[in-house]
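Data block for my_file.tsv (TSV, C-alpha atoms):
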```
chain	number	residue	atom	x	y	z
A	1	MET	CA	-26.09	4.01	13.69
A	2	SER	CA	-23.54	6.05	11.80
A	3	ILE	CA	-21.48	4.18	9.21
A	4	ASN	CA	-17.94	5.47	8.73
A	5	HIS	CA	-16.76	4.70	5.21
A	6	SER	CA	-13.03	5.31	5.00
A	7	GLU	CA	-11.57	6.60	1.79
A	8	VAL	CA	-9.35	4.20	-0.15
A	9	VAL	CA	-6.25	5.80	-1.57
A	10	PHE	CA	-6.98	6.06	-5.26
A	11	ASP	CA	-4.85	7.96	-7.74
A	12	LEU	CA	-4.88	6.60	-11.26
A	13	ALA	CA	-2.05	7.60	-13.53
A	14	GLU	CA	-3.21	10.08	-16.14
A	15	ASP	CA	-0.94	8.77	-18.92
A	16	GLY	CA	-1.21	5.26	-20.27
A	17	ALA	CA	-4.00	4.22	-17.93
A	18	PRO	CA	-6.15	1.30	-19.14
A	19	ASN	CA	-9.58	2.15	-20.51
A	20	ILE	CA	-12.04	0.64	-18.02
A	21	LEU	CA	-15.84	0.47	-18.12
A	22	LEU	CA	-17.68	0.03	-14.84
A	23	VAL	CA	-21.33	-0.82	-15.47
A	24	GLY	CA	-24.18	-1.28	-13.01
A	25	ILE	CA	-26.92	-3.59	-14.29
A	26	GLY	CA	-30.43	-3.60	-12.82
A	27	GLY	CA	-31.67	-1.90	-9.67
A	28	CYS	CA	-28.89	-3.01	-7.33
A	29	GLY	CA	-26.17	-2.32	-9.90
A	30	CYS	CA	-27.53	1.13	-10.72
A	31	SER	CA	-27.77	1.94	-7.01
A	32	ALA	CA	-24.11	1.01	-6.55
A	33	VAL	CA	-23.11	3.11	-9.56
A	34	GLU	CA	-25.07	6.03	-8.11
A	35	VAL	CA	-22.78	5.94	-5.06
A	36	MET	CA	-19.67	5.62	-7.22
A	37	ALA	CA	-20.71	8.59	-9.35
A	38	GLN	CA	-20.23	10.78	-6.28
A	39	THR	CA	-16.62	9.67	-5.68
A	40	ALA	CA	-13.20	10.08	-7.27
A	41	ILE	CA	-13.76	6.97	-9.34
A	42	LEU	CA	-15.95	9.01	-11.70
A	43	ASP	CA	-12.86	10.73	-13.10
A	44	LYS	CA	-10.86	7.52	-13.51
A	45	VAL	CA	-13.19	5.05	-15.25
A	46	THR	CA	-16.23	5.27	-17.49
A	47	LEU	CA	-19.38	4.71	-15.44
A	48	ALA	CA	-22.44	3.22	-17.11
A	49	ALA	CA	-25.90	2.14	-15.96
A	50	VAL	CA	-28.10	-0.44	-17.68
A	51	ASN	CA	-31.73	-0.99	-16.72
A	52	THR	CA	-35.18	-1.93	-17.97
A	53	ASP	CA	-36.69	0.60	-15.57
A	54	GLN	CA	-36.23	3.92	-17.37
A	55	ARG	CA	-37.39	6.02	-14.41
A	56	GLU	CA	-34.79	4.45	-12.12
A	57	LEU	CA	-32.18	4.72	-14.84
A	58	SER	CA	-32.82	8.43	-15.29
A	59	LEU	CA	-32.18	9.02	-11.57
A	60	THR	CA	-28.61	7.74	-11.73
A	61	LYS	CA	-25.71	10.11	-12.33
A	62	ALA	CA	-23.83	7.69	-14.58
A	63	PRO	CA	-22.56	9.51	-17.68
A	64	VAL	CA	-23.54	6.53	-19.86
A	65	GLN	CA	-27.11	5.28	-19.54
A	66	VAL	CA	-28.41	2.38	-21.61
A	67	PRO	CA	-32.10	1.53	-21.43
A	68	ILE	CA	-32.80	-2.03	-22.52
A	69	GLY	CA	-35.95	-3.87	-23.55
A	70	GLU	CA	-37.89	-0.72	-24.38
A	71	VAL	CA	-40.22	-2.63	-26.69
A	72	LEU	CA	-40.63	-5.61	-24.39
A	73	THR	CA	-41.00	-3.78	-21.07
A	74	ARG	CA	-42.05	-0.28	-22.22
A	75	GLY	CA	-39.43	1.01	-19.80
A	76	LEU	CA	-41.35	-0.20	-16.75
A	77	GLY	CA	-38.87	-2.80	-15.47
A	78	ALA	CA	-38.52	-6.57	-15.61
A	79	GLY	CA	-40.92	-7.37	-12.77
A	80	SER	CA	-38.34	-9.53	-10.94
A	81	MET	CA	-38.43	-11.97	-13.86
A	82	PRO	CA	-34.91	-12.90	-15.07
A	83	HIS	CA	-36.16	-14.14	-18.45
A	84	VAL	CA	-37.51	-10.64	-19.11
A	85	GLY	CA	-34.14	-9.14	-18.18
A	86	GLU	CA	-32.37	-11.56	-20.52
A	87	GLN	CA	-34.76	-10.93	-23.40
A	88	SER	CA	-34.41	-7.19	-22.85
A	89	ALA	CA	-30.62	-7.44	-23.14
A	90	ARG	CA	-30.93	-9.42	-26.35
A	91	GLU	CA	-33.42	-6.91	-27.73
A	92	SER	CA	-30.93	-4.11	-27.06
A	93	ALA	CA	-27.83	-6.05	-28.08
A	94	GLU	CA	-26.57	-3.38	-30.48
A	95	ALA	CA	-26.69	-0.64	-27.83
A	96	LEU	CA	-24.89	-2.87	-25.32
A	97	GLN	CA	-22.20	-3.82	-27.83
A	98	ASP	CA	-21.64	-0.14	-28.62
A	99	MET	CA	-21.26	0.50	-24.89
A	100	ILE	CA	-18.64	-2.24	-24.51
A	101	ALA	CA	-16.54	-1.63	-27.63
A	102	GLY	CA	-13.09	-0.11	-27.18
A	103	PHE	CA	-12.52	-0.89	-23.50
A	104	ASP	CA	-9.58	-2.80	-22.02
A	105	LEU	CA	-11.65	-4.14	-19.12
A	106	VAL	CA	-15.35	-4.27	-18.24
A	107	ILE	CA	-16.45	-4.58	-14.61
A	108	THR	CA	-20.11	-5.43	-14.00
A	109	VAL	CA	-21.99	-4.86	-10.75
A	110	SER	CA	-25.39	-6.43	-10.24
A	111	GLY	CA	-27.65	-7.90	-7.60
A	112	GLY	CA	-28.79	-11.48	-7.78
A	113	GLY	CA	-32.42	-12.36	-7.27
A	114	GLY	CA	-34.23	-9.70	-9.29
A	115	GLY	CA	-35.12	-9.50	-12.95
A	116	THR	CA	-32.81	-7.16	-14.85
A	117	GLY	CA	-29.54	-7.82	-13.02
A	118	THR	CA	-30.07	-11.58	-12.90
A	119	GLY	CA	-31.15	-11.88	-16.52
A	120	ALA	CA	-29.13	-9.22	-18.34
A	121	THR	CA	-25.73	-9.54	-16.64
A	122	PRO	CA	-24.79	-12.90	-18.24
A	123	ILE	CA	-25.70	-11.52	-21.66
A	124	VAL	CA	-23.45	-8.48	-21.19
A	125	LEU	CA	-20.61	-10.78	-20.13
A	126	GLU	CA	-21.16	-13.01	-23.15
A	127	MET	CA	-20.98	-9.97	-25.43
A	128	CYS	CA	-17.70	-8.95	-23.82
A	129	GLU	CA	-16.35	-12.43	-24.42
A	130	GLU	CA	-17.35	-12.26	-28.08
A	131	LEU	CA	-15.57	-8.89	-28.36
A	132	ASN	CA	-12.46	-10.25	-26.54
A	133	VAL	CA	-12.84	-7.74	-23.69
A	134	PRO	CA	-11.71	-9.07	-20.26
A	135	THR	CA	-14.35	-8.97	-17.54
A	136	ILE	CA	-14.79	-9.02	-13.79
A	137	ALA	CA	-18.26	-9.54	-12.32
A	138	PHE	CA	-19.38	-8.39	-8.87
A	139	VAL	CA	-22.60	-10.05	-7.70
A	140	VAL	CA	-24.50	-9.17	-4.53
A	141	ARG	CA	-26.13	-12.22	-2.93
A	142	PRO	CA	-29.37	-11.35	-1.06
A	143	PHE	CA	-30.06	-11.52	2.65
A	144	ALA	CA	-31.63	-14.82	3.74
A	145	PHE	CA	-34.80	-13.01	4.84
A	146	GLU	CA	-35.38	-11.89	1.23
A	147	GLY	CA	-36.63	-15.40	0.51
A	148	ARG	CA	-35.50	-18.68	-0.97
A	149	ARG	CA	-36.53	-17.75	-4.52
A	150	ARG	CA	-34.19	-14.76	-4.61
A	151	ILE	CA	-31.33	-16.82	-3.17
A	152	ILE	CA	-31.82	-19.51	-5.82
A	153	LEU	CA	-31.94	-16.91	-8.60
A	154	ALA	CA	-28.80	-15.25	-7.22
A	155	ASP	CA	-26.94	-18.56	-7.20
A	156	THR	CA	-28.08	-19.17	-10.76
A	157	LEU	CA	-26.66	-15.76	-11.75
A	158	ILE	CA	-23.37	-16.56	-10.02
A	159	GLU	CA	-23.05	-19.82	-11.95
A	160	ARG	CA	-23.85	-18.10	-15.24
A	161	CYS	CA	-21.31	-15.37	-14.53
A	162	ARG	CA	-18.68	-18.04	-13.90
A	163	GLN	CA	-19.15	-19.26	-17.46
A	164	SER	CA	-18.06	-15.94	-19.00
A	165	ALA	CA	-16.39	-13.60	-16.51
A	166	GLY	CA	-12.68	-13.74	-15.77
A	167	THR	CA	-13.53	-13.76	-12.07
A	168	THR	CA	-16.89	-13.59	-10.32
A	169	PHE	CA	-16.72	-11.85	-6.95
A	170	VAL	CA	-19.61	-12.51	-4.58
A	171	LEU	CA	-20.60	-10.05	-1.87
A	172	GLU	CA	-22.68	-11.92	0.69
A	173	ASN	CA	-25.21	-9.65	2.35
A	174	ALA	CA	-25.33	-12.21	5.17
A	175	LYS	CA	-21.63	-11.59	5.83
A	176	LEU	CA	-22.23	-7.84	5.69
A	177	GLN	CA	-24.99	-8.26	8.25
A	178	GLN	CA	-22.58	-10.23	10.44
A	179	ALA	CA	-19.97	-7.47	10.18
A	180	LEU	CA	-22.43	-4.65	10.94
A	181	GLY	CA	-24.42	-6.37	13.67
A	182	ASP	CA	-28.13	-7.20	13.90
A	183	ASN	CA	-29.11	-3.80	15.30
A	184	VAL	CA	-27.92	-1.79	12.30
A	185	LYS	CA	-30.66	0.31	10.72
A	186	LEU	CA	-31.92	-0.95	7.37
A	187	ASN	CA	-31.02	2.25	5.52
A	188	ASP	CA	-27.52	2.14	7.01
A	189	ALA	CA	-27.13	-1.50	5.96
A	190	LEU	CA	-28.14	-0.77	2.37
A	191	ASP	CA	-25.89	2.28	2.31
A	192	ALA	CA	-23.02	0.23	3.72
A	193	ALA	CA	-23.46	-2.41	1.02
A	194	ASN	CA	-23.16	0.17	-1.75
A	195	HIS	CA	-20.16	1.84	-0.15
A	196	TYR	CA	-18.48	-1.50	0.44
A	197	ILE	CA	-18.76	-2.37	-3.26
A	198	ASN	CA	-17.36	1.06	-4.04
A	199	GLU	CA	-14.42	0.53	-1.69
A	200	LEU	CA	-13.69	-2.88	-3.18
A	201	ILE	CA	-13.65	-1.63	-6.75
A	202	MET	CA	-11.66	1.50	-5.92
A	203	GLY	CA	-9.17	-0.67	-4.06
A	204	LEU	CA	-8.98	-3.12	-6.94
A	205	LEU	CA	-8.16	-0.38	-9.43
A	206	ALA	CA	-5.74	1.31	-7.04
A	207	MET	CA	-3.64	-1.86	-7.21
A	208	ILE	CA	-2.71	-1.14	-10.82
A	209	ASP	CA	-2.60	2.64	-10.93
A	210	SER	CA	-1.89	4.06	-7.50
A	211	GLU	CA	1.27	6.02	-6.88
A	212	ALA	CA	2.86	3.11	-5.12
A	213	VAL	CA	6.29	2.00	-4.02
A	214	ALA	CA	5.41	-1.26	-5.76
A	215	ARG	CA	2.35	-2.01	-7.86
A	216	ILE	CA	0.85	-4.79	-9.95
A	217	ASP	CA	0.99	-4.10	-13.68
A	218	PHE	CA	-2.20	-4.32	-15.74
A	219	ALA	CA	-1.21	-7.46	-17.67
A	220	HIS	CA	-0.41	-9.30	-14.45
A	221	PHE	CA	-3.61	-7.97	-12.91
A	222	LEU	CA	-5.70	-9.38	-15.78
A	223	SER	CA	-3.84	-12.69	-15.66
A	224	ALA	CA	-4.51	-13.11	-11.94
A	225	LEU	CA	-8.21	-12.37	-12.45
A	226	ALA	CA	-8.66	-14.67	-15.43
A	227	GLY	CA	-9.61	-18.33	-15.61
A	228	ARG	CA	-13.30	-18.03	-14.73
A	229	GLY	CA	-12.64	-18.32	-11.04
A	230	MET	CA	-14.80	-17.60	-8.01
A	231	GLY	CA	-13.58	-14.88	-5.72
A	232	HIS	CA	-14.18	-12.62	-2.80
A	233	GLY	CA	-12.56	-9.43	-1.63
A	234	ALA	CA	-11.96	-7.46	1.52
A	235	VAL	CA	-10.97	-3.97	2.58
A	236	ILE	CA	-9.37	-4.35	6.00
A	237	GLU	CA	-8.26	-1.46	8.21
A	238	ALA	CA	-6.45	-1.50	11.53
A	239	ASN	CA	-4.73	0.99	13.81
A	240	SER	CA	-1.78	-1.32	14.38
A	241	TYR	CA	0.11	-4.09	12.63
A	242	ASP	CA	-0.98	-6.66	15.23
A	243	GLY	CA	-4.57	-5.53	14.77
A	244	LEU	CA	-4.25	-6.02	11.03
A	245	LEU	CA	-3.03	-9.60	11.45
A	246	GLU	CA	-5.89	-10.32	13.83
A	247	LYS	CA	-8.47	-9.05	11.34
A	248	LEU	CA	-6.93	-11.10	8.53
A	249	THR	CA	-7.64	-14.25	10.54
A	250	ASP	CA	-11.17	-13.36	11.57
A	251	PHE	CA	-12.84	-11.06	9.08
A	252	PRO	CA	-16.43	-12.00	8.12
A	253	LEU	CA	-16.40	-10.45	4.65
A	254	LEU	CA	-13.22	-12.35	3.77
A	255	GLN	CA	-14.96	-15.65	4.41
A	256	GLY	CA	-16.40	-16.53	1.03
A	257	PRO	CA	-19.33	-18.86	0.39
A	258	SER	CA	-18.61	-22.50	1.22
A	259	HIS	CA	-19.00	-23.56	-2.41
A	260	ILE	CA	-15.99	-21.49	-3.49
A	261	ARG	CA	-13.60	-22.89	-0.89
A	262	SER	CA	-11.68	-25.96	-1.96
A	263	THR	CA	-8.47	-27.53	-0.75
A	264	HIS	CA	-7.82	-28.56	-4.34
A	265	ALA	CA	-8.18	-25.07	-5.82
A	266	ASN	CA	-5.42	-23.00	-7.36
A	267	THR	CA	-5.70	-19.64	-5.65
A	268	GLN	CA	-4.64	-16.29	-7.09
A	269	VAL	CA	-4.34	-13.54	-4.49
A	270	LEU	CA	-3.99	-9.83	-5.20
A	271	LEU	CA	-2.93	-7.72	-2.25
A	272	HIS	CA	-2.20	-4.03	-1.81
A	273	ILE	CA	-1.00	-2.59	1.50
A	274	TRP	CA	-1.07	1.02	2.65
A	275	ALA	CA	1.21	1.44	5.65
A	276	PRO	CA	3.27	4.04	7.53
A	277	GLU	CA	6.97	4.53	6.79
A	278	SER	CA	7.83	2.30	9.76
A	279	PHE	CA	6.53	-0.77	7.88
A	280	THR	CA	9.31	-3.36	7.62
A	281	LEU	CA	10.22	-6.33	5.46
A	282	SER	CA	9.48	-8.55	8.45
A	283	ASP	CA	6.00	-7.01	8.72
A	284	TYR	CA	5.30	-7.79	5.08
A	285	ALA	CA	6.57	-11.35	5.51
A	286	GLY	CA	4.20	-11.76	8.46
A	287	ILE	CA	1.17	-10.74	6.36
A	288	SER	CA	2.22	-13.05	3.55
A	289	GLU	CA	2.70	-15.98	5.94
A	290	GLU	CA	-0.69	-15.32	7.53
A	291	LEU	CA	-2.41	-15.39	4.14
A	292	HIS	CA	-0.68	-18.61	3.11
A	293	GLU	CA	-1.86	-20.19	6.34
A	294	ARG	CA	-5.36	-18.72	6.09
A	295	LEU	CA	-6.06	-19.65	2.47
A	296	SER	CA	-5.99	-23.26	1.37
A	297	GLY	CA	-4.76	-24.65	-1.93
A	298	ASN	CA	-1.89	-23.65	-4.17
A	299	LEU	CA	-1.46	-19.96	-3.42
A	300	ASP	CA	0.03	-17.46	-5.88
A	301	LEU	CA	0.33	-14.09	-4.12
A	302	SER	CA	0.90	-10.83	-6.04
A	303	SER	CA	1.25	-7.65	-4.04
A	304	GLY	CA	1.75	-3.92	-4.13
A	305	PHE	CA	2.73	-1.48	-1.41
A	306	SER	CA	2.16	2.21	-0.73
A	307	VAL	CA	3.43	4.47	2.02
A	308	TRP	CA	0.92	6.97	3.33
A	309	GLY	CA	1.06	9.67	5.97
A	310	LYS	CA	-1.02	7.83	8.55
A	311	PRO	CA	-0.04	5.62	11.50
A	312	SER	CA	-2.73	3.08	10.56
A	313	PHE	CA	-2.82	0.23	8.04
A	314	LYS	CA	-5.13	-0.65	5.17
A	315	VAL	CA	-5.17	-3.83	3.08
A	316	VAL	CA	-7.19	-4.46	-0.07
A	317	LEU	CA	-7.29	-8.17	-0.74
A	318	PHE	CA	-8.80	-10.16	-3.59
A	319	VAL	CA	-8.87	-13.94	-3.69
A	320	ASN	CA	-9.57	-15.75	-6.96
A	321	ARG	CA	-10.05	-19.51	-6.65
A	322	LEU	CA	-9.66	-21.58	-9.80
A	323	SER	CA	-10.88	-25.14	-10.09
A	324	GLY	CA	-8.40	-27.87	-10.93
```

Could you rewrite the structure in this file as structure tokens?
Amino acid sequence: MSINHSEVVFDLAEDGAPNILLVGIGGCGCSAVEVMAQTAILDKVTLAAVNTDQRELSLTKAPVQVPIGEVLTRGLGAGSMPHVGEQSARESAEALQDMIAGFDLVITVSGGGGGTGTGATPIVLEMCEELNVPTIAFVVRPFAFEGRRRIILADTLIERCRQSAGTTFVLENAKLQQALGDNVKLNDALDAANHYINELIMGLLAMIDSEAVARIDFAHFLSALAGRGMGHGAVIEANSYDGLLEKLTDFPLLQGPSHIRSTHANTQVLLHIWAPESFTLSDYAGISEELHERLSGNLDLSSGFSVWGKPSFKVVLFVNRLSG
């Protein structure tokens, strides 16, 4: 099966752009960063990789590479033991703090269920909090067939991220499997997961710095993604406006885990639309109305809009649910 990964419009302003660190932690995080290092995002943010496995770390193309736990693990990895990943991060606290210092935003990417990502990610987020650096955490939740232990560890990581990160976004591999179909080849599925994370993050950053008719400013962006909420995101494409509305109502990757949906939640929504010049005010109102109907709770929608030279539509959507 051939996976077609469409390019998200992404054009950060050269002057006055926020200083953003995007760091992959552990095997899954480093794999995602490896994909990102081959895209336009490399020129727009600082890419970093953090790992206990020095061989895997050396294979990434991230400009910043931080080995952790060299004394504890001898560079051989955490052995799928989160406590080793956590101890490794604490052992290398000074190097991690040096990596974080001076940034306006830190985005972490890690997989739940292993050792380094599960154990070290919360420590990195805690360090950011101590340094007053805003954070967003992306966590990949394993496939069900990877076993109950990995699922439990992933859920533990998600809960720990919630304690420190401004928003924790969960990418459910089960939802990815649903979107791709059961007959997708394993290599294609893994490749699709990495590219999907890349699309999400590129779309997220394009909201604040794309050459847009209307965009969300960085302060508003940080405010909407603060409050230690639980979130999920989607990149939705359609050839027509009606097709876009249909996908907004039935899009597997937009359906977050059941434990983050609550009728009592305050919901922050960030939305950016790429559309042809024929896009009308009525069209935009229709998308907004659909989202208000689709998402429960008190909805606060912030949006940006870009015109592009294509007849198709693209929406990047992030939903941040706050308790209370």

Contacts of segment 183-194 of chain A within 12 Å, all atoms listed in the file, excl. fewer than 6 positions in-chain, as a VMD selection string: chain A and resid 1 to 6 24 27 to 38 109 to 111 138 to 143 171 to 177 200 to 201 253

Give me the segment 141-209 of chain A side of the contact with segment 303-308 of chain A, cut-off 12 Å, one line per residue showing its nearest atom pair and distance in Å at one decimal, counting only C-alpha atoms, sorted by chain and residue number, as JSON lines.
```
{"residue": "A:Gly203", "atom": "CA", "partner": "A:Gly304", "partner_atom": "CA", "distance": 11.4}
{"residue": "A:Leu204", "atom": "CA", "partner": "A:Gly304", "partner_atom": "CA", "distance": 11.1}
{"residue": "A:Leu205", "atom": "CA", "partner": "A:Gly304", "partner_atom": "CA", "distance": 11.8}
{"residue": "A:Ala206", "atom": "CA", "partner": "A:Gly304", "partner_atom": "CA", "distance": 9.6}
{"residue": "A:Met207", "atom": "CA", "partner": "A:Gly304", "partner_atom": "CA", "distance": 6.5}
{"residue": "A:Ile208", "atom": "CA", "partner": "A:Gly304", "partner_atom": "CA", "distance": 8.5}
{"residue": "A:Asp209", "atom": "CA", "partner": "A:Gly304", "partner_atom": "CA", "distance": 10.4}
```

Restricted to C-alpha atoms, what would the selected residues look like written as an mmCIF file, keeping the file's coordinate frame?
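Contents of selection09.cif, freshly written:
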```cif
data_model
loop_
_atom_site.group_PDB
_atom_site.id
_atom_site.type_symbol
_atom_site.label_atom_id
_atom_site.label_comp_id
_atom_site.auth_asym_id
_atom_site.auth_seq_id
_atom_site.Cartn_x
_atom_site.Cartn_y
_atom_site.Cartn_z
ATOM 1 C CA GLY A 203 -9.170 -0.670 -4.060
ATOM 2 C CA LEU A 204 -8.980 -3.120 -6.940
ATOM 3 C CA LEU A 205 -8.160 -0.380 -9.430
ATOM 4 C CA ALA A 206 -5.740 1.310 -7.040
ATOM 5 C CA MET A 207 -3.640 -1.860 -7.210
ATOM 6 C CA ILE A 208 -2.710 -1.140 -10.820
ATOM 7 C CA ASP A 209 -2.600 2.640 -10.930
#
```

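If you look at atom CA of Ala49 of chain A and atom CA of Ala62 of chain A, they are 6.1 Å away from each other.
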
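The interatomic distance for the pair atom CA of Glu277 of chain A and atom CA of Ser312 of chain A works out to 10.5 Å.
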
Minimum-distance residue to Ile158 of chain A, chosen among A:Met230, A:Leu125, A:Met99, A:Leu131 (using all atoms listed in the file):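 That would be A:Met230, the residue with the smallest distance to Ile158 of chain A.
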
Between atom CA of Gly79 of chain A and atom CA of Thr156 of chain A, distance in Å (one decimal): 17.6 Å

Take every atom of segment 285-289 of chain A listed in the file, pad by 5 Å on each side, and give me the axis-aligned box centre and edge lengths in Å, one decimal, as lines of an AutoDock Vina configuration file.
```
center_x = 3.9
center_y = -13.4
center_z = 6.0
size_x = 15.4
size_y = 15.2
size_z = 14.9
```
